[in-house]
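Containing mmCIF, C-alpha atoms: run-v7.cif.
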```cif
data_start
#
loop_
_atom_site.label_atom_id
_atom_site.label_comp_id
_atom_site.auth_asym_id
_atom_site.auth_seq_id
_atom_site.Cartn_x
_atom_site.Cartn_y
_atom_site.Cartn_z
CA LEU R 1234 0.00 0.00 0.00
CA LEU R 1235 2.79 2.46 0.93
CA GLU R 1236 4.49 1.81 -2.41
CA ARG R 1237 1.47 3.30 -4.19
CA VAL R 1238 1.80 6.61 -2.34
CA PRO R 1239 3.92 9.14 -4.28
CA GLY R 1240 7.00 10.23 -2.37
CA ARG R 1241 8.17 8.54 0.80
CA LEU R 1242 5.71 7.76 3.62
CA ARG R 1243 6.90 6.35 6.95
CA PRO R 1244 4.55 5.48 9.83
CA LEU R 1245 5.46 6.86 13.28
CA ALA R 1246 4.48 5.49 16.67
CA GLY R 1247 5.59 5.91 20.26
CA ALA R 1248 4.58 5.65 23.90
CA ASP R 1249 5.66 7.27 27.17
CA ARG R 1250 4.19 8.09 30.56
CA VAL R 1251 3.53 11.75 29.62
CA ASN R 1252 1.87 11.50 26.19
CA GLY R 1253 0.61 7.92 26.27
CA VAL R 1254 0.40 6.18 22.90
CA SER R 1255 1.10 8.40 19.89
CA LEU R 1256 0.57 7.66 16.19
CA GLY R 1257 1.42 9.58 13.06
CA ALA R 1258 3.47 9.66 9.89
CA ASP R 1259 6.48 11.25 8.24
CA TYR R 1260 6.12 12.16 4.57
CA SER R 1261 8.52 13.61 2.00
CA VAL R 1262 8.33 14.19 -1.75
CA PRO R 1263 10.75 15.45 -4.44
CA ALA R 1264 10.17 19.03 -5.58
CA GLY R 1265 12.53 19.26 -8.50
CA GLU R 1266 15.82 17.62 -9.35
CA SER R 1267 17.67 18.46 -6.10
CA VAL R 1268 14.98 19.70 -3.69
CA ARG R 1269 12.93 17.63 -1.29
CA LEU R 1270 10.02 18.75 0.92
CA GLY R 1271 8.75 16.89 3.94
CA GLY R 1272 6.67 17.02 7.07
CA ARG R 1273 5.60 14.95 10.04
CA ALA R 1274 2.67 14.86 12.41
CA LEU R 1275 2.18 12.76 15.53
CA TYR R 1276 -0.91 12.75 17.77
CA ALA R 1277 -0.75 11.72 21.44
CA PHE R 1278 -3.99 10.21 22.74
CA HIS R 1279 -3.32 10.65 26.48
CA SER R 1280 -2.10 14.24 26.46
CA ASP R 1281 -4.37 15.21 23.52
CA ASP R 1282 -1.44 16.99 21.89
CA TRP R 1283 0.12 17.23 18.45
CA SER R 1284 3.81 17.05 17.54
CA VAL R 1285 4.40 18.52 14.07
CA GLY R 1286 7.20 19.73 11.82
CA ALA R 1287 8.06 20.61 8.22
CA TRP R 1288 11.34 20.80 6.34
CA ALA R 1289 12.93 21.51 2.99
CA SER R 1290 16.34 20.36 1.75
CA HIS R 1291 18.52 21.00 -1.26
CA GLU R 1292 21.33 18.60 -2.15
CA ARG R 1293 23.79 18.83 -5.03
CA ASP R 1294 27.23 17.71 -6.21
CA MET R 1295 30.15 19.81 -5.01
CA PHE R 1296 33.95 19.59 -4.92
CA GLY R 1297 34.06 16.99 -7.68
CA GLU R 1298 32.98 13.80 -5.94
CA GLY R 1299 31.55 15.58 -2.90
CA ARG R 1300 28.01 16.50 -1.90
CA LEU R 1301 26.47 19.61 -0.35
CA ARG R 1302 23.16 19.70 1.53
CA LEU R 1303 21.24 22.73 2.79
CA ARG R 1304 18.28 22.13 5.08
CA GLY R 1305 15.69 24.27 6.85
CA GLU R 1306 13.16 23.04 9.41
CA TRP R 1307 10.24 24.34 11.46
CA PHE R 1308 9.03 22.35 14.47
CA ASP R 1309 6.47 22.47 17.26
CA GLU R 1310 6.94 19.17 19.02
CA TRP R 1311 7.69 17.18 22.13
CA ALA R 1312 11.22 15.83 22.38
CA GLY R 1313 13.10 13.33 24.53
CA ARG R 1314 15.66 14.71 26.98
CA HIS R 1315 18.08 11.78 26.54
CA GLU R 1316 19.84 10.87 23.28
CA PHE R 1317 19.78 7.11 22.55
CA ALA R 1318 22.27 6.60 19.71
CA HIS R 1319 22.82 2.83 19.88
CA VAL R 1320 19.23 1.57 19.74
CA PRO R 1321 16.29 2.22 17.38
CA GLU R 1322 14.22 5.33 18.11
CA TRP R 1323 11.25 3.17 19.13
CA ALA R 1324 13.17 1.19 21.77
CA PRO R 1325 12.35 3.43 24.80
CA SER R 1326 8.65 3.23 23.90
CA LEU R 1327 8.76 -0.55 23.83
CA VAL R 1328 10.48 -0.60 27.22
CA PHE R 1329 7.70 1.50 28.73
CA LEU R 1330 4.88 -0.52 27.12
CA ALA R 1331 6.44 -3.72 28.48
CA GLY R 1332 5.82 -2.44 32.01
CA GLN R 1333 9.36 -1.37 32.85
CA GLU R 1334 10.58 2.04 34.01
CA ASP R 1335 10.23 4.73 31.35
CA PRO R 1336 13.85 5.63 30.47
CA GLN R 1337 12.96 8.93 28.81
CA ASP R 1338 11.85 12.39 29.97
CA VAL R 1339 9.86 14.63 27.63
CA TYR R 1340 9.77 18.38 27.05
CA HIS R 1341 8.27 20.75 24.47
CA ARG R 1342 10.30 22.64 21.87
CA SER R 1343 9.18 25.00 19.11
CA GLY R 1344 11.15 27.06 16.63
CA TRP R 1345 13.20 26.65 13.49
CA ALA R 1346 16.63 25.41 12.43
CA LEU R 1347 19.01 25.82 9.49
CA ASP R 1348 22.02 23.64 8.70
CA ALA R 1349 24.55 22.93 5.97
CA ALA R 1350 26.60 19.76 5.52
CA VAL R 1351 29.26 18.61 3.07
CA ALA R 1352 30.59 15.10 2.53
CA ARG R 1353 33.39 13.67 0.42
CA SER R 1354 35.18 10.31 0.53
CA GLY R 1355 34.17 9.48 4.08
CA VAL R 1356 34.72 12.99 5.48
CA ARG R 1357 31.64 14.89 6.68
CA ALA R 1358 31.39 18.39 8.14
CA GLY R 1359 28.42 20.49 9.12
CA ILE R 1360 27.31 23.75 10.72
CA GLY R 1361 23.88 24.80 11.94
CA VAL R 1362 21.78 27.14 14.03
CA SER R 1363 18.57 26.44 15.93
CA ILE R 1364 16.37 29.11 17.51
CA GLU R 1365 13.81 27.53 19.77
CA LYS R 1366 11.71 27.87 22.90
CA ASN R 1367 11.98 25.00 25.39
CA THR R 1368 9.24 24.35 27.94
CA SER R 1369 8.77 21.77 30.68
CA ILE R 1370 5.73 19.51 30.47
CA SER R 1371 3.82 18.94 33.74
CA PRO R 1372 0.94 16.59 32.92
CA ASP R 1373 -2.17 16.38 35.08
CA GLY R 1374 -1.85 12.61 35.16
CA LEU R 1375 0.66 10.02 33.95
CA PHE R 1376 -0.16 7.24 31.49
CA ALA R 1377 0.29 3.89 33.25
CA TYR R 1378 -0.85 1.26 30.74
CA SER R 1379 1.42 -1.66 29.86
CA ILE R 1380 0.97 -4.53 27.42
CA THR R 1381 1.94 -7.06 30.08
CA GLY R 1382 -0.48 -5.64 32.64
CA ASN R 1383 2.46 -5.29 35.03
CA ARG R 1384 3.38 -1.86 36.35
CA SER R 1385 5.05 -2.74 39.66
CA LEU R 1386 7.42 0.25 39.65
CA PRO R 1387 5.96 3.65 40.63
CA LEU R 1388 5.85 6.10 37.75
CA ARG R 1389 8.52 8.79 37.87
CA SER R 1390 7.43 12.38 37.55
CA ASN R 1391 8.48 13.98 34.27
CA GLN R 1392 11.74 15.80 35.00
CA ALA R 1393 11.56 19.58 34.53
CA ILE R 1394 14.05 21.21 32.16
CA ASP R 1395 15.74 24.60 32.06
CA GLY R 1396 13.07 26.38 30.07
CA GLY R 1397 13.35 29.54 28.01
CA ARG R 1398 14.56 30.72 24.64
CA LEU R 1399 17.56 28.80 23.38
CA THR R 1400 19.77 29.77 20.44
CA ARG R 1401 22.09 26.87 19.57
CA VAL R 1402 25.00 27.09 17.13
CA THR R 1403 26.50 23.73 16.15
CA ALA R 1404 29.56 22.52 14.25
CA SER R 1405 30.77 18.99 13.54
CA VAL R 1406 33.40 17.12 11.60
CA GLY R 1407 33.90 13.39 11.21
CA TYR R 1408 35.58 10.67 9.19
CA GLN R 1409 34.63 7.06 8.49
CA GLU R 1410 36.96 4.68 6.69
CA GLY R 1411 35.39 3.45 3.48
CA GLY R 1412 32.60 6.01 3.80
CA SER R 1413 30.93 7.51 0.75
CA SER R 1414 30.04 11.07 -0.21
CA ARG R 1415 26.38 10.48 0.59
CA ILE R 1416 24.91 12.76 3.26
CA ALA R 1417 22.72 10.27 5.04
CA GLU R 1418 19.67 11.00 7.16
CA PRO R 1419 19.60 9.59 10.73
CA SER R 1420 19.02 5.85 10.73
CA SER R 1421 17.04 3.72 13.17
CA SER R 1422 18.65 0.44 12.19
CA LEU R 1423 20.22 -1.75 14.86
CA PRO R 1424 23.98 -1.20 15.11
CA GLY R 1425 26.45 -3.90 16.03
CA LEU R 1426 26.58 -6.08 12.91
CA ARG R 1427 30.08 -4.97 11.99
CA GLY R 1428 32.86 -2.80 13.36
CA VAL R 1429 34.00 0.42 11.67
CA ASN R 1430 36.92 2.82 11.86
CA ARG R 1431 35.61 6.32 12.47
CA ALA R 1432 36.15 9.48 14.51
CA GLY R 1433 34.21 12.69 15.02
CA VAL R 1434 33.89 15.88 17.05
CA GLN R 1435 30.68 17.80 17.72
CA ALA R 1436 30.54 21.26 19.32
CA GLU R 1437 27.54 23.29 20.42
CA TRP R 1438 27.22 26.79 21.79
CA GLY R 1439 24.27 28.44 23.48
CA VAL R 1440 24.48 32.15 22.60
CA ASP R 1441 22.49 35.25 23.51
CA SER R 1442 21.81 36.22 19.89
CA PHE R 1443 18.22 36.16 18.55
CA GLY R 1444 16.81 36.26 22.08
CA GLY R 1445 18.82 33.35 23.48
CA GLU R 1446 18.66 33.24 27.30
CA ILE R 1447 21.13 30.43 28.16
CA ARG R 1448 24.86 30.62 27.47
CA TYR R 1449 27.02 27.51 27.44
CA ALA R 1450 29.48 25.45 25.42
CA ARG R 1451 29.29 21.71 24.88
CA VAL R 1452 31.93 19.56 23.13
CA GLN R 1453 31.91 15.82 22.48
CA ALA R 1454 34.42 13.57 20.70
CA ASP R 1455 33.88 9.92 19.81
CA ALA R 1456 35.78 7.26 17.90
CA GLU R 1457 35.54 3.59 16.99
CA LEU R 1458 38.35 1.28 15.95
CA SER R 1459 38.11 -2.23 14.50
CA LEU R 1460 41.27 -4.29 13.88
CA ASN R 1461 41.95 -7.80 12.67
CA THR R 1462 44.11 -9.66 15.21
CA PHE R 1463 44.62 -13.45 14.99
CA TYR R 1464 43.99 -15.83 12.09
CA SER R 1465 43.91 -12.91 9.64
CA ARG R 1466 43.93 -15.23 6.60
CA ARG R 1467 40.51 -16.57 7.46
CA PHE R 1468 37.42 -15.07 5.83
CA PHE R 1469 36.23 -14.17 9.36
CA PRO R 1470 39.44 -13.32 11.27
CA ASN R 1471 39.55 -12.53 14.98
CA THR R 1472 38.79 -8.85 15.58
CA LEU R 1473 39.31 -6.27 18.30
CA SER R 1474 36.71 -3.50 18.51
CA VAL R 1475 37.02 -0.38 20.66
CA GLU R 1476 34.58 2.50 21.00
CA ALA R 1477 35.32 5.57 23.13
CA ALA R 1478 33.63 8.91 23.73
CA ALA R 1479 34.07 11.87 26.06
CA GLY R 1480 32.47 15.26 26.52
CA PHE R 1481 32.62 18.36 28.66
CA SER R 1482 30.69 21.61 28.99
CA LEU R 1483 31.23 25.17 30.17
CA GLY R 1484 28.70 27.67 31.45
CA ASP R 1485 25.08 26.89 32.34
CA LEU R 1486 24.45 23.67 30.41
CA PRO R 1487 20.66 23.13 30.29
CA VAL R 1488 19.32 19.89 31.73
CA GLN R 1489 17.93 18.93 28.31
CA ARG R 1490 21.40 19.23 26.71
CA ARG R 1491 23.28 16.98 29.14
CA PHE R 1492 25.31 14.03 27.91
CA THR R 1493 23.82 10.52 28.08
CA ILE R 1494 25.45 7.16 28.86
CA GLU R 1495 23.07 4.53 27.54
CA PRO R 1496 21.77 1.51 29.50
CA SER R 1497 20.52 -1.80 28.21
CA LEU R 1498 16.85 -1.66 27.25
CA LEU R 1499 14.67 -4.76 27.69
CA SER R 1500 17.94 -6.68 28.21
CA VAL R 1501 19.07 -5.68 24.71
CA ALA R 1502 22.61 -4.29 24.87
CA PRO R 1503 24.43 -3.60 21.58
CA PHE R 1504 28.09 -2.69 21.52
CA GLY R 1505 28.47 0.82 22.98
CA VAL R 1506 26.09 0.61 25.97
CA LEU R 1507 26.58 -0.48 29.58
CA LYS R 1508 25.16 -3.99 29.85
CA THR R 1509 24.79 -3.99 33.67
CA LEU R 1510 22.99 -0.63 33.67
CA ALA R 1511 19.22 -0.88 33.25
CA GLY R 1512 16.34 1.58 33.43
CA ARG R 1513 17.29 5.23 33.34
CA PRO R 1514 20.57 6.22 31.67
CA TYR R 1515 23.43 8.02 33.38
CA GLU R 1516 23.61 11.72 32.59
CA GLY R 1517 25.92 14.64 33.30
CA ASP R 1518 27.58 17.85 32.17
CA ARG R 1519 30.81 15.84 31.73
CA PHE R 1520 31.32 12.19 30.86
CA TRP R 1521 33.60 9.57 29.38
CA ARG R 1522 33.06 5.98 28.34
CA ILE R 1523 35.06 3.21 26.69
CA HIS R 1524 33.93 -0.16 25.35
CA ALA R 1525 36.22 -2.94 24.12
CA GLU R 1526 35.61 -6.48 22.94
CA HIS R 1527 37.63 -9.17 21.24
CA ASP R 1528 35.84 -11.60 18.96
CA PHE R 1529 37.69 -14.92 19.03
CA LYS R 1530 35.18 -16.44 16.59
CA SER R 1531 35.12 -20.25 16.98
CA ILE R 1532 38.85 -20.62 17.79
CA PRO R 1533 38.36 -21.48 21.51
CA PHE R 1534 36.05 -24.36 20.56
CA GLU R 1535 38.38 -25.58 17.81
CA LEU R 1536 41.34 -25.64 20.21
CA THR R 1537 39.41 -28.04 22.46
CA GLY R 1538 38.47 -30.25 19.51
CA TRP R 1539 34.77 -29.36 19.68
CA MET R 1540 33.94 -28.57 16.05
CA TRP R 1541 30.13 -28.37 16.22
CA PRO R 1542 30.05 -24.63 17.19
CA SER R 1543 32.47 -23.86 14.36
CA ARG R 1544 30.25 -25.57 11.79
CA LYS R 1545 27.28 -23.57 13.11
CA GLY R 1546 29.16 -20.26 12.99
CA ILE R 1547 29.11 -19.84 16.77
CA GLY R 1548 31.96 -18.01 18.48
CA LEU R 1549 33.06 -16.38 21.73
CA ILE R 1550 33.53 -12.69 22.50
CA VAL R 1551 35.26 -11.28 25.59
CA PHE R 1552 34.34 -7.69 26.49
CA ALA R 1553 34.93 -4.95 29.07
CA ASN R 1554 33.26 -1.55 29.49
CA ALA R 1555 33.81 1.47 31.72
CA ALA R 1556 32.08 4.86 32.03
CA GLN R 1557 31.64 7.85 34.32
CA SER R 1558 29.39 10.90 34.41
CA TRP R 1559 29.30 13.99 36.61
CA ILE R 1560 26.29 16.05 37.70
CA PRO R 1561 26.75 19.48 39.35
CA SER R 1562 26.37 19.36 43.13
CA THR R 1563 23.78 22.14 42.86
CA ALA R 1564 21.44 19.95 40.79
CA ALA R 1565 17.99 19.38 42.25
CA PRO R 1566 16.09 17.22 42.97
CA ALA R 1567 18.49 14.86 44.69
CA VAL R 1568 20.76 12.89 42.42
CA ASP R 1569 19.69 9.23 42.02
CA SER R 1570 16.37 9.68 43.82
CA LEU R 1571 13.36 8.13 42.11
CA HIS R 1572 12.35 11.48 40.63
CA GLY R 1573 15.84 12.95 40.28
CA PHE R 1574 18.85 12.70 38.03
CA ARG R 1575 21.06 9.63 37.75
CA SER R 1576 24.85 9.77 37.70
CA SER R 1577 27.44 7.00 37.76
CA ARG R 1578 28.74 8.05 41.23
CA GLY R 1579 32.26 7.01 40.32
CA VAL R 1580 33.53 4.75 37.55
CA HIS R 1581 31.08 2.07 36.39
CA THR R 1582 33.10 -0.97 35.26
CA GLU R 1583 31.96 -4.33 33.89
CA ALA R 1584 33.31 -7.31 31.98
CA GLY R 1585 32.01 -10.56 30.60
CA VAL R 1586 31.73 -13.07 27.79
CA SER R 1587 29.34 -13.45 24.85
CA VAL R 1588 28.21 -16.39 22.75
CA ASN R 1589 28.02 -14.95 19.24
CA GLY R 1590 26.20 -16.22 16.12
CA LEU R 1591 23.28 -18.07 17.75
CA PHE R 1592 20.71 -18.83 15.06
CA SER R 1593 23.10 -16.88 12.77
CA ILE R 1594 21.81 -13.47 13.96
CA LEU R 1595 21.93 -13.30 17.78
CA ARG R 1596 24.44 -12.95 20.58
CA ILE R 1597 23.93 -13.59 24.31
CA ASP R 1598 26.06 -11.68 26.84
CA ALA R 1599 26.87 -12.56 30.45
CA ALA R 1600 28.13 -9.36 32.13
CA TRP R 1601 29.46 -8.91 35.66
CA ARG R 1602 29.74 -5.48 37.25
CA LEU R 1603 33.17 -4.98 38.80
CA ASP R 1604 32.87 -1.78 40.90
CA ALA R 1605 29.73 -3.02 42.67
CA ARG R 1606 27.64 -6.16 42.91
CA GLY R 1607 25.70 -6.81 39.75
CA PHE R 1608 25.10 -9.29 36.93
CA ALA R 1609 23.15 -9.02 33.70
CA LEU R 1610 22.20 -11.44 30.95
CA THR R 1611 21.61 -9.45 27.77
CA GLY R 1612 21.31 -10.00 24.05
CA GLY R 1613 21.89 -8.22 20.76
CA VAL R 1614 22.66 -8.54 17.08
CA ALA R 1615 25.52 -10.89 16.21
CA ARG R 1616 28.82 -9.37 15.06
CA TYR R 1617 30.66 -10.89 12.10
CA PHE R 1618 33.34 -8.37 11.03
#
```

Structure re-expressed in structure tokens:
Amino acid sequence: LLERVPGRLRPLAGADRVNGVSLGADYSVPAGESVRLGGRALYAFHSDDWSVGAWASHERDMFGEGRLRLRGEWFDEWAGRHEFAHVPEWAPSLVFLAGQEDPQDVYHRSGWALDAAVARSGVRAGIGVSIEKNTSISPDGLFAYSITGNRSLPLRSNQAIDGGRLTRVTASVGYQEGGSSRIAEPSSSLPGLRGVNRAGVQAEWGVDSFGGEIRYARVQADAELSLNTFYSRRFFPNTLSVEAAAGFSLGDLPVQRRFTIEPSLLSVAPFGVLKTLAGRPYEGDRFWRIHAEHDFKSIPFELTGWMWPSRKGIGLIVFANAAQSWIPSTAAPAVDSLHGFRSSRGVHTEAGVSVNGLFSILRIDAAWRLDARGFALTGGVARYF
């Protein structure tokens, strides 16, 4: 049915304790050879509210094999306070509907944004400006439904933000080995299938131009490295994968612009999240995290003479993760209370082992927390490269 609709139509759905279940669609259509127009609308049944936006983009060849994209957007929407980069955008909604603690907080933002991006041979750079009004949402009542009928945990209040007019100026640069000159839109696909070699830096400034009321600076750097180690002549050699990120801020960083360290959601923990952290993520105005794993493939089984796992494509992965976040001592309500913020309170460390390639597509992780008592059994998408 969707193939018969001109342009590109994508259904949207979500759920949280503030808005309840929301349904809508995202639609875009070409408007000439290099211009595309689009819009989205999402209706929340519990809060009786609309989340809408419209955008226009122009993309063309530049610098020989490079690409240039210009984009403008208007929005009047609710937004999540935490950024979940390692899971699909619908994952927090599924966690909530399953009866577990809602990992997201929601606020309202309205305004417009302009950005420009260029890409060539794996290098991508961009600049942008966003002028918006941010407002806390204080619902009269929270939505408590769950598919399982189980809602044993009390519902958290929706955390207030630092409201007001916000003028954000952004700049970014990044490189990915083997990358193309395509300027891709954000993807909701599950990461973790293969390792990549990449690095990037993103900077953001809150300025007092155009009515901006909050001044701050926010810088984040992240990188991922994937190397072949042992048995390099095999089609699937042993690999070492490392992902690291760190960020800091200056000035009055708004609550809604804090850094996020992601937890496992519904016991799903792809590479890049803390497997023994569940529920709400860690947050802070400074953070660092590092994740490392070595995929031995089926070599440990072969060395013992047990060839069945090798024939089935099953292997072993050893991993270790560490992370830390800081929240200002002046933050209120109390850090780590049910209705407050959550920080790591020191360095969160964990290590474990994974069985990779189950049913060709899955991996199961056994993770032990090292700085405190804790154990988690999680799963994810199998890694092959």

(Q) With only C-alpha atoms as the counted atoms, please give the residues lying no more than 7 Å from R:Leu1270, apart from itself and same-chain residues fewer than 4 positions off, as a list in words. (A)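 In the requested form, the answer reads Ser1261, Val1262, Pro1263, Ala1264, Trp1288, Ala1289 and Ser1290 of chain R.
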
Q: Can you pull out every residue within 8 Å of R:Leu1473, counting all atoms listed in the file, but drop anything in the same chain fewer than 6 positions away, and send it as a list of chain:residue names?
A: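 Listed by chain and then number, they are R:Leu1458, R:Ser1459, R:Leu1460, R:Asn1461, R:Thr1462, R:Ala1525, R:Glu1526, R:His1527, R:Asp1528.
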
Q: Determine the residue set returned by the PyMOL selection byres ((chain R and resi 1607-1618) around 9) for the present structure, and present it as a ChimeraX atom specification.
A: /R:1423-1429,1459,1461,1469-1472,1497,1499-1504,1508-1510,1528,1530,1583,1587-1591,1593-1606

Can I get the selected residues back with C-alpha atoms, as a JSON list (two decimals), in the coordinates of the input?
```json
[["chain", "number", "residue", "atom", "x", "y", "z"],
["R", 1423, "LEU", "CA", 20.22, -1.75, 14.86],
["R", 1424, "PRO", "CA", 23.98, -1.20, 15.11],
["R", 1425, "GLY", "CA", 26.45, -3.90, 16.03],
["R", 1426, "LEU", "CA", 26.58, -6.08, 12.91],
["R", 1427, "ARG", "CA", 30.08, -4.97, 11.99],
["R", 1428, "GLY", "CA", 32.86, -2.80, 13.36],
["R", 1429, "VAL", "CA", 34.00, 0.42, 11.67],
["R", 1459, "SER", "CA", 38.11, -2.23, 14.50],
["R", 1461, "ASN", "CA", 41.95, -7.80, 12.67],
["R", 1469, "PHE", "CA", 36.23, -14.17, 9.36],
["R", 1470, "PRO", "CA", 39.44, -13.32, 11.27],
["R", 1471, "ASN", "CA", 39.55, -12.53, 14.98],
["R", 1472, "THR", "CA", 38.79, -8.85, 15.58],
["R", 1497, "SER", "CA", 20.52, -1.80, 28.21],
["R", 1499, "LEU", "CA", 14.67, -4.76, 27.69],
["R", 1500, "SER", "CA", 17.94, -6.68, 28.21],
["R", 1501, "VAL", "CA", 19.07, -5.68, 24.71],
["R", 1502, "ALA", "CA", 22.61, -4.29, 24.87],
["R", 1503, "PRO", "CA", 24.43, -3.60, 21.58],
["R", 1504, "PHE", "CA", 28.09, -2.69, 21.52],
["R", 1508, "LYS", "CA", 25.16, -3.99, 29.85],
["R", 1509, "THR", "CA", 24.79, -3.99, 33.67],
["R", 1510, "LEU", "CA", 22.99, -0.63, 33.67],
["R", 1528, "ASP", "CA", 35.84, -11.60, 18.96],
["R", 1530, "LYS", "CA", 35.18, -16.44, 16.59],
["R", 1583, "GLU", "CA", 31.96, -4.33, 33.89],
["R", 1587, "SER", "CA", 29.34, -13.45, 24.85],
["R", 1588, "VAL", "CA", 28.21, -16.39, 22.75],
["R", 1589, "ASN", "CA", 28.02, -14.95, 19.24],
["R", 1590, "GLY", "CA", 26.20, -16.22, 16.12],
["R", 1591, "LEU", "CA", 23.28, -18.07, 17.75],
["R", 1593, "SER", "CA", 23.10, -16.88, 12.77],
["R", 1594, "ILE", "CA", 21.81, -13.47, 13.96],
["R", 1595, "LEU", "CA", 21.93, -13.30, 17.78],
["R", 1596, "ARG", "CA", 24.44, -12.95, 20.58],
["R", 1597, "ILE", "CA", 23.93, -13.59, 24.31],
["R", 1598, "ASP", "CA", 26.06, -11.68, 26.84],
["R", 1599, "ALA", "CA", 26.87, -12.56, 30.45],
["R", 1600, "ALA", "CA", 28.13, -9.36, 32.13],
["R", 1601, "TRP", "CA", 29.46, -8.91, 35.66],
["R", 1602, "ARG", "CA", 29.74, -5.48, 37.25],
["R", 1603, "LEU", "CA", 33.17, -4.98, 38.80],
["R", 1604, "ASP", "CA", 32.87, -1.78, 40.90],
["R", 1605, "ALA", "CA", 29.73, -3.02, 42.67],
["R", 1606, "ARG", "CA", 27.64, -6.16, 42.91]]
```

Q.
Using the chain letters and numbers from this file, what does the PyMOL selection byres ((chain R and resi 1446-1451) around 10) select? Give the answer as a PyMOL selection string.
A. chain R and resi 1366+1395-1403+1435-1445+1452-1453+1480-1487+1490-1492+1518-1519

Q) What would the list of residues within 10 Å of (8.2, 15.1, 4.3) (file frame) look like as number ranges by chain, if all atoms listed in the file are what count? A) R: 1240-1243, 1258-1263, 1269-1274, 1286-1289

Q) Of the residues R:Ser1543, R:Asn1252, R:Thr1582, R:Thr1493, which is the one nearest to R:His1524, using all atoms listed in the file? A)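 Result for the nearest residue to R:His1524: R:Thr1582.
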
Q: Would you list the contacts of R:Ser1558 as a VMD selection string, taking every protein, DNA or RNA residue within 12 Å and counting only C-alpha atoms, but skipping same-chain residues closer than 5 positions in sequence?
A: chain R and resid 1478 to 1481 1491 to 1495 1514 to 1522 1568 1574 to 1581

Could you give me, as a PDB file with C-alpha atoms, in the frame of the given file, the residues that have an atom at most 12 Å away from the point (0.1, 4.7, 21.1) in the coordinates of the file, using only C-alpha atoms?
```pdb
ATOM      1  CA  LEU R1245       5.460   6.860  13.280  1.00  0.00           C
ATOM      2  CA  ALA R1246       4.480   5.490  16.670  1.00  0.00           C
ATOM      3  CA  GLY R1247       5.590   5.910  20.260  1.00  0.00           C
ATOM      4  CA  ALA R1248       4.580   5.650  23.900  1.00  0.00           C
ATOM      5  CA  ASP R1249       5.660   7.270  27.170  1.00  0.00           C
ATOM      6  CA  ARG R1250       4.190   8.090  30.560  1.00  0.00           C
ATOM      7  CA  VAL R1251       3.530  11.750  29.620  1.00  0.00           C
ATOM      8  CA  ASN R1252       1.870  11.500  26.190  1.00  0.00           C
ATOM      9  CA  GLY R1253       0.610   7.920  26.270  1.00  0.00           C
ATOM     10  CA  VAL R1254       0.400   6.180  22.900  1.00  0.00           C
ATOM     11  CA  SER R1255       1.100   8.400  19.890  1.00  0.00           C
ATOM     12  CA  LEU R1256       0.570   7.660  16.190  1.00  0.00           C
ATOM     13  CA  GLY R1257       1.420   9.580  13.060  1.00  0.00           C
ATOM     14  CA  LEU R1275       2.180  12.760  15.530  1.00  0.00           C
ATOM     15  CA  TYR R1276      -0.910  12.750  17.770  1.00  0.00           C
ATOM     16  CA  ALA R1277      -0.750  11.720  21.440  1.00  0.00           C
ATOM     17  CA  PHE R1278      -3.990  10.210  22.740  1.00  0.00           C
ATOM     18  CA  HIS R1279      -3.320  10.650  26.480  1.00  0.00           C
ATOM     19  CA  SER R1280      -2.100  14.240  26.460  1.00  0.00           C
ATOM     20  CA  ASP R1281      -4.370  15.210  23.520  1.00  0.00           C
ATOM     21  CA  TRP R1323      11.250   3.170  19.130  1.00  0.00           C
ATOM     22  CA  SER R1326       8.650   3.230  23.900  1.00  0.00           C
ATOM     23  CA  LEU R1327       8.760  -0.550  23.830  1.00  0.00           C
ATOM     24  CA  PHE R1329       7.700   1.500  28.730  1.00  0.00           C
ATOM     25  CA  LEU R1330       4.880  -0.520  27.120  1.00  0.00           C
ATOM     26  CA  PHE R1376      -0.160   7.240  31.490  1.00  0.00           C
ATOM     27  CA  TYR R1378      -0.850   1.260  30.740  1.00  0.00           C
ATOM     28  CA  SER R1379       1.420  -1.660  29.860  1.00  0.00           C
ATOM     29  CA  ILE R1380       0.970  -4.530  27.420  1.00  0.00           C
TER      30      ILE R1380
END
```

Q.
Just to confirm, what's the straight-line distance from atom CA of R:Arg1293 to atom CA of R:Gly1265 in Å (one decimal)?
A. 11.8 Å

Q: Tell me, in Å to one decimal, how far atom CA of R:Ser1531 is from atom CA of R:Phe1592.
A: 14.6 Å

**Q.** Between atom CA of R:Gly1344 and atom CA of R:Gln1392, distance in Å (one decimal)
**A.**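 Pair atom CA of R:Gly1344 / atom CA of R:Gln1392 returns 21.6 Å.
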
Q) Hey, what comes out of the PyMOL selection byres ((chain R and resi 1406) around 10) on this file? Could you write it as a PyMOL selection string? A) chain R and resi 1350-1352+1356-1360+1404-1405+1407-1408+1432-1436+1454

Q. Nearest to R:Arg1389 among R:Pro1496, R:Pro1372, R:Pro1533, R:Gly1355, with distances taken over all atoms listed in the file: which residue is it?
A.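 Once distances to R:Arg1389 are computed over all atoms listed in the file, the minimum belongs to R:Pro1372.
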
Q.
So, with only C-alpha atoms as the atoms that count, which of R:Arg1544, R:Gly1374, R:Asp1309, R:Ala1584 lies closest to R:Ser1284?
A.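 Answer, going by the shortest atom-to-atom distance: R:Asp1309.
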